[in-house]
Amino acid sequence: MAAPGCLRPGVCAAGRVWPSHRAGGGTRLARVVVSGYYGFGNAGDEVILAALLRALNGHEVTVLSHAPEVTRAEHGVRAEHRASPPGVLRALSRCDLLVSGGGGLLQDATGPASVPYYLGIVMLARALGKPVMVYAQGIGPLGAGWARRSLRLLRGAAAITVRDAESAEWLRAAGVPPARIEVTADAALALPPPRRTAEANPPPELAALGVRRGERAVALAPRPYGDGRFAAKLAAVADALQDRLGARAVLVPMQLPEDVAACERIAAAMRRPAPVLRQRPVPARYAEVFAGFDLVVGMRLHALILATLARAAPVGLSYDPKIDAFLEGLGTPRFGLPLDAEEGAVVSVALDAASADPDALAARVSRLREAALRNNAILLDLLAWPPRR
């Protein structure tokens, strides 16, 4: 039977979920399914999931994952294989809400399969009568006309939040009403900022690589790109930063195992080879690891996001508009460079970033974090009964 004022069991007129079963202490518990790029060894997506699960603490969560056993072990939640029709159908059939996101799911830069997969999960949930929240997504780029037009299928979502203005524009261009879209920030920014003190011991993960107490550390977070000349350029950048800052460089693969080879190529071309962080920290530890760095030069978006959360200066090497969008939102577009930038330009920008006022950066991050927490406020509002006003 539906709750008073609801259109059908599970959903009230405002699109809010009515949790149909109880947790201890009389509070109501919702069953939530989360769809995203989980279980693929991508640190950014796993950190997003860790942040989302903090917001959903106390609710029953099932994650659609490429590696359900890993997701269960690392995050302590239920998981179904994302490519198993019986598992996906079982999870959606018993849920109160589907959360689609966060991260860059609806794009075709990495191939044509992402858009139909993620929208297919959304439409299956809708066909089963389940409400959907599009959560902190980065939309685009979308080269195919059919992919751009298909975004209109999100018009029936109970709530839509996106992490930047460009993502909102993709949705508006597809016919999603602007009033239905709220621009927030990447979900990972909702994580608690780690404590950072100048004289603190380095995180254990960095101490194991030889970083000493009080020593400055610089991270490079590359991704596979180009030929040996690009690796040689980044190696020269790392050597220059070690020399100019008196710092130790560390190569950080954010996507395993793909990024490890890129890191190894850079290390092999350096005059003083940098260690590679080969063992991926558990997702909840990433922010603390990045608190051990003073500067992060990254091609991976979430290396830059984790850097800012940990009050380390971010320098982006942009292979994708999402890098530029993040640095623009942070108010530091000057810290972004194209991939073909000369070695000297990268070093110059990195030194500029390393000398920037950390308090000014922290103030900008605080504003972004407030926007990221808005994702969770909207999510919990959907799960609240009686509805929050």
# chains A, B, ... in the order shown; residues from 1 in each chain; ligands from 1
>>> residues_around(residues="Leu304 of chain A", least_positions_apart="4", cutoff="9 Å", atoms="only C-alpha atoms", output="number ranges by chain")
A: 221, 296-300, 308-309, 312-316, 323, 326-327
>>> write_last_selection(atoms="C-alpha atoms", output="short mmCIF file (atom, residue, chain, number, x, y, z; two decimals), in the first residue's frame")
data_model
loop_
_atom_site.label_atom_id
_atom_site.label_comp_id
_atom_site.auth_asym_id
_atom_site.auth_seq_id
_atom_site.Cartn_x
_atom_site.Cartn_y
_atom_site.Cartn_z
CA ALA A 221 49.63 10.85 -12.31
CA VAL A 296 50.32 16.94 -8.15
CA VAL A 297 50.84 17.03 -11.93
CA GLY A 298 48.08 14.89 -13.35
CA MET A 299 46.37 13.70 -16.50
CA ARG A 300 43.77 11.91 -14.38
CA THR A 308 42.86 19.94 -4.00
CA LEU A 309 40.95 18.10 -1.27
CA ALA A 312 48.20 20.00 -2.61
CA ALA A 313 48.63 22.26 -5.63
CA PRO A 314 47.05 20.76 -8.81
CA VAL A 315 48.51 21.06 -12.32
CA GLY A 316 46.42 19.49 -15.06
CA ILE A 323 40.17 18.58 -16.76
CA PHE A 326 37.44 21.26 -13.07
CA LEU A 327 40.31 23.76 -13.02
#
>>> residues_around(residues="segment 264-275 of chain A", least_positions_apart="2", cutoff="8 Å", atoms="only C-alpha atoms", output="list in words")
Leu209, Gly228, Ala231, Ala232, Leu234, Ala235, Ala236, Ala238, Asp239, Arg248, Ala249, Val250, Leu251, Val260, Ala261, Ala262 and Leu277 of chain A
>>> write_last_selection(atoms="C-alpha atoms", output="compact mmCIF listing (two decimals), in the first residue's frame")
# COMPACT_ATOMS: atom_id res chain seq x y z
CA LEU A 209 58.44 4.18 -1.15
CA GLY A 228 58.34 7.59 -25.88
CA ALA A 231 57.18 9.93 -21.49
CA ALA A 232 60.59 11.56 -21.87
CA LEU A 234 57.27 14.05 -18.27
CA ALA A 235 60.49 12.44 -17.03
CA ALA A 236 62.32 15.72 -17.61
CA ALA A 238 59.81 15.23 -12.83
CA ASP A 239 63.61 15.62 -12.72
CA ARG A 248 60.94 13.52 -4.10
CA ALA A 249 58.81 12.59 -7.12
CA VAL A 250 56.37 9.68 -6.92
CA LEU A 251 54.52 8.19 -9.90
CA VAL A 260 51.44 1.34 -14.34
CA ALA A 261 53.17 0.92 -17.70
CA ALA A 262 52.93 4.68 -18.33
CA LEU A 277 52.89 3.48 -6.17
>>> select_by_dssp(residues="segment 13-229 of chain A", states="strand (DSSP E or B)", output="number ranges by chain")
A: 17, 21-22, 28-29, 31-38, 42, 60-65, 78-81, 97-103, 132-137, 159-162, 181-183, 217-221
>>> write_last_selection(atoms="C-alpha atoms", output="tab-separated table (two decimals), in the first residue's frame")
chain	number	residue	atom	x	y	z
A	17	VAL	CA	11.26	7.63	-2.33
A	21	HIS	CA	11.16	-1.45	5.23
A	22	ARG	CA	12.64	-0.55	8.59
A	28	ARG	CA	13.23	3.82	7.79
A	29	LEU	CA	15.74	2.06	5.57
A	31	ARG	CA	17.22	-0.16	-0.70
A	32	VAL	CA	19.44	1.70	-3.16
A	33	VAL	CA	21.09	0.41	-6.33
A	34	VAL	CA	24.17	2.30	-7.56
A	35	SER	CA	25.22	2.15	-11.21
A	36	GLY	CA	28.60	3.44	-12.33
A	37	TYR	CA	32.08	2.54	-13.56
A	38	TYR	CA	32.83	0.44	-10.50
A	42	ASN	CA	39.87	3.11	-11.54
A	60	GLU	CA	20.99	-1.01	2.12
A	61	VAL	CA	23.12	-0.50	-0.98
A	62	THR	CA	23.76	-2.80	-3.93
A	63	VAL	CA	26.46	-1.75	-6.40
A	64	LEU	CA	26.48	-2.89	-10.03
A	65	SER	CA	30.16	-3.75	-10.45
A	78	ARG	CA	26.22	-5.89	-1.65
A	79	ALA	CA	27.25	-6.12	-5.30
A	80	GLU	CA	25.94	-7.70	-8.48
A	81	HIS	CA	27.83	-8.13	-11.74
A	97	LEU	CA	15.90	4.04	-5.85
A	98	LEU	CA	18.50	3.80	-8.60
A	99	VAL	CA	21.46	6.17	-8.32
A	100	SER	CA	23.16	6.60	-11.70
A	101	GLY	CA	26.64	7.97	-11.10
A	102	GLY	CA	28.73	9.70	-10.32
A	103	GLY	CA	31.56	10.31	-12.72
A	132	VAL	CA	16.15	7.44	-10.58
A	133	MET	CA	18.65	10.04	-9.44
A	134	VAL	CA	21.33	11.15	-11.87
A	135	TYR	CA	24.09	11.78	-9.34
A	136	ALA	CA	27.01	14.19	-9.83
A	137	GLN	CA	27.62	13.10	-13.39
A	159	ALA	CA	16.59	14.44	-9.57
A	160	ILE	CA	19.58	15.38	-11.74
A	161	THR	CA	22.87	16.81	-10.50
A	162	VAL	CA	25.93	17.35	-12.69
A	181	ILE	CA	19.19	20.19	-13.59
A	182	GLU	CA	21.35	21.36	-10.70
A	183	VAL	CA	25.06	22.06	-11.17
A	217	ALA	CA	56.86	15.14	-2.34
A	218	VAL	CA	55.56	15.67	-5.86
A	219	ALA	CA	53.14	13.30	-7.59
A	220	LEU	CA	52.83	12.65	-11.30
A	221	ALA	CA	49.63	10.85	-12.31
>>> select_by_dssp(residues="segment 242-279 of chain A", states="helix (DSSP H, G or I)", output="PyMOL selection string")
chain A and resi 242-245+258-269
>>> write_last_selection(atoms="C-alpha atoms", output="mmCIF file, in the first residue's frame")
data_model
loop_
_atom_site.group_PDB
_atom_site.id
_atom_site.type_symbol
_atom_site.label_atom_id
_atom_site.label_comp_id
_atom_site.auth_asym_id
_atom_site.auth_seq_id
_atom_site.Cartn_x
_atom_site.Cartn_y
_atom_site.Cartn_z
ATOM 1 C CA GLN A 242 62.893 17.278 -7.887
ATOM 2 C CA ASP A 243 65.861 19.578 -8.449
ATOM 3 C CA ARG A 244 64.040 22.917 -8.174
ATOM 4 C CA LEU A 245 61.841 22.054 -5.200
ATOM 5 C CA GLU A 258 46.926 0.472 -17.506
ATOM 6 C CA ASP A 259 48.651 3.433 -15.870
ATOM 7 C CA VAL A 260 51.444 1.336 -14.340
ATOM 8 C CA ALA A 261 53.171 0.922 -17.702
ATOM 9 C CA ALA A 262 52.933 4.681 -18.329
ATOM 10 C CA CYS A 263 54.517 5.334 -14.937
ATOM 11 C CA GLU A 264 57.295 2.830 -15.566
ATOM 12 C CA ARG A 265 58.171 4.463 -18.902
ATOM 13 C CA ILE A 266 58.538 7.834 -17.204
ATOM 14 C CA ALA A 267 60.611 6.407 -14.347
ATOM 15 C CA ALA A 268 62.924 4.648 -16.802
ATOM 16 C CA ALA A 269 63.602 7.942 -18.630
#
>>> residues_around(residues="Glu342 of chain A", least_positions_apart="6", cutoff="12 Å", atoms="only C-alpha atoms", output="PyMOL selection string")
chain A and resi 229-230+232-234+236-237+317+348-349
>>> atom_distance(atom1="atom CA of Ala208 of chain A", atom2="atom CA of His302 of chain A")
22.6 Å
>>> closest_residue(among="A:Glu370, A:Ala144, A:Leu383, A:Glu288", to="Pro193 of chain A", atoms="only C-alpha atoms")
A:Glu288
>>> atom_distance(atom1="atom CA of Ile48 of chain A", atom2="atom CA of Thr184 of chain A")
14.1 Å
>>> residues_around(residues="Gly76 of chain A", least_positions_apart="5", cutoff="12 Å", atoms="only C-alpha atoms", output="ChimeraX atom specification")
/A:49-50,53-54,57,60-63,68-71,282-284
>>> write_last_selection(atoms="C-alpha atoms", output="tab-separated table (two decimals), in the first residue's frame")
chain	number	residue	atom	x	y	z
A	49	LEU	CA	31.76	5.34	-4.62
A	50	ALA	CA	33.37	5.70	-1.19
A	53	LEU	CA	28.45	5.27	0.44
A	54	ARG	CA	29.28	7.67	3.26
A	57	ASN	CA	25.33	5.03	5.52
A	60	GLU	CA	20.99	-1.01	2.12
A	61	VAL	CA	23.12	-0.50	-0.98
A	62	THR	CA	23.76	-2.80	-3.93
A	63	VAL	CA	26.46	-1.75	-6.40
A	68	PRO	CA	31.50	-7.73	-7.42
A	69	GLU	CA	33.81	-9.64	-5.08
A	70	VAL	CA	36.30	-6.75	-5.03
A	71	THR	CA	33.54	-4.20	-4.46
A	282	VAL	CA	41.80	1.09	-0.48
A	283	PRO	CA	39.43	3.81	-1.76
A	284	ALA	CA	38.87	5.34	1.68
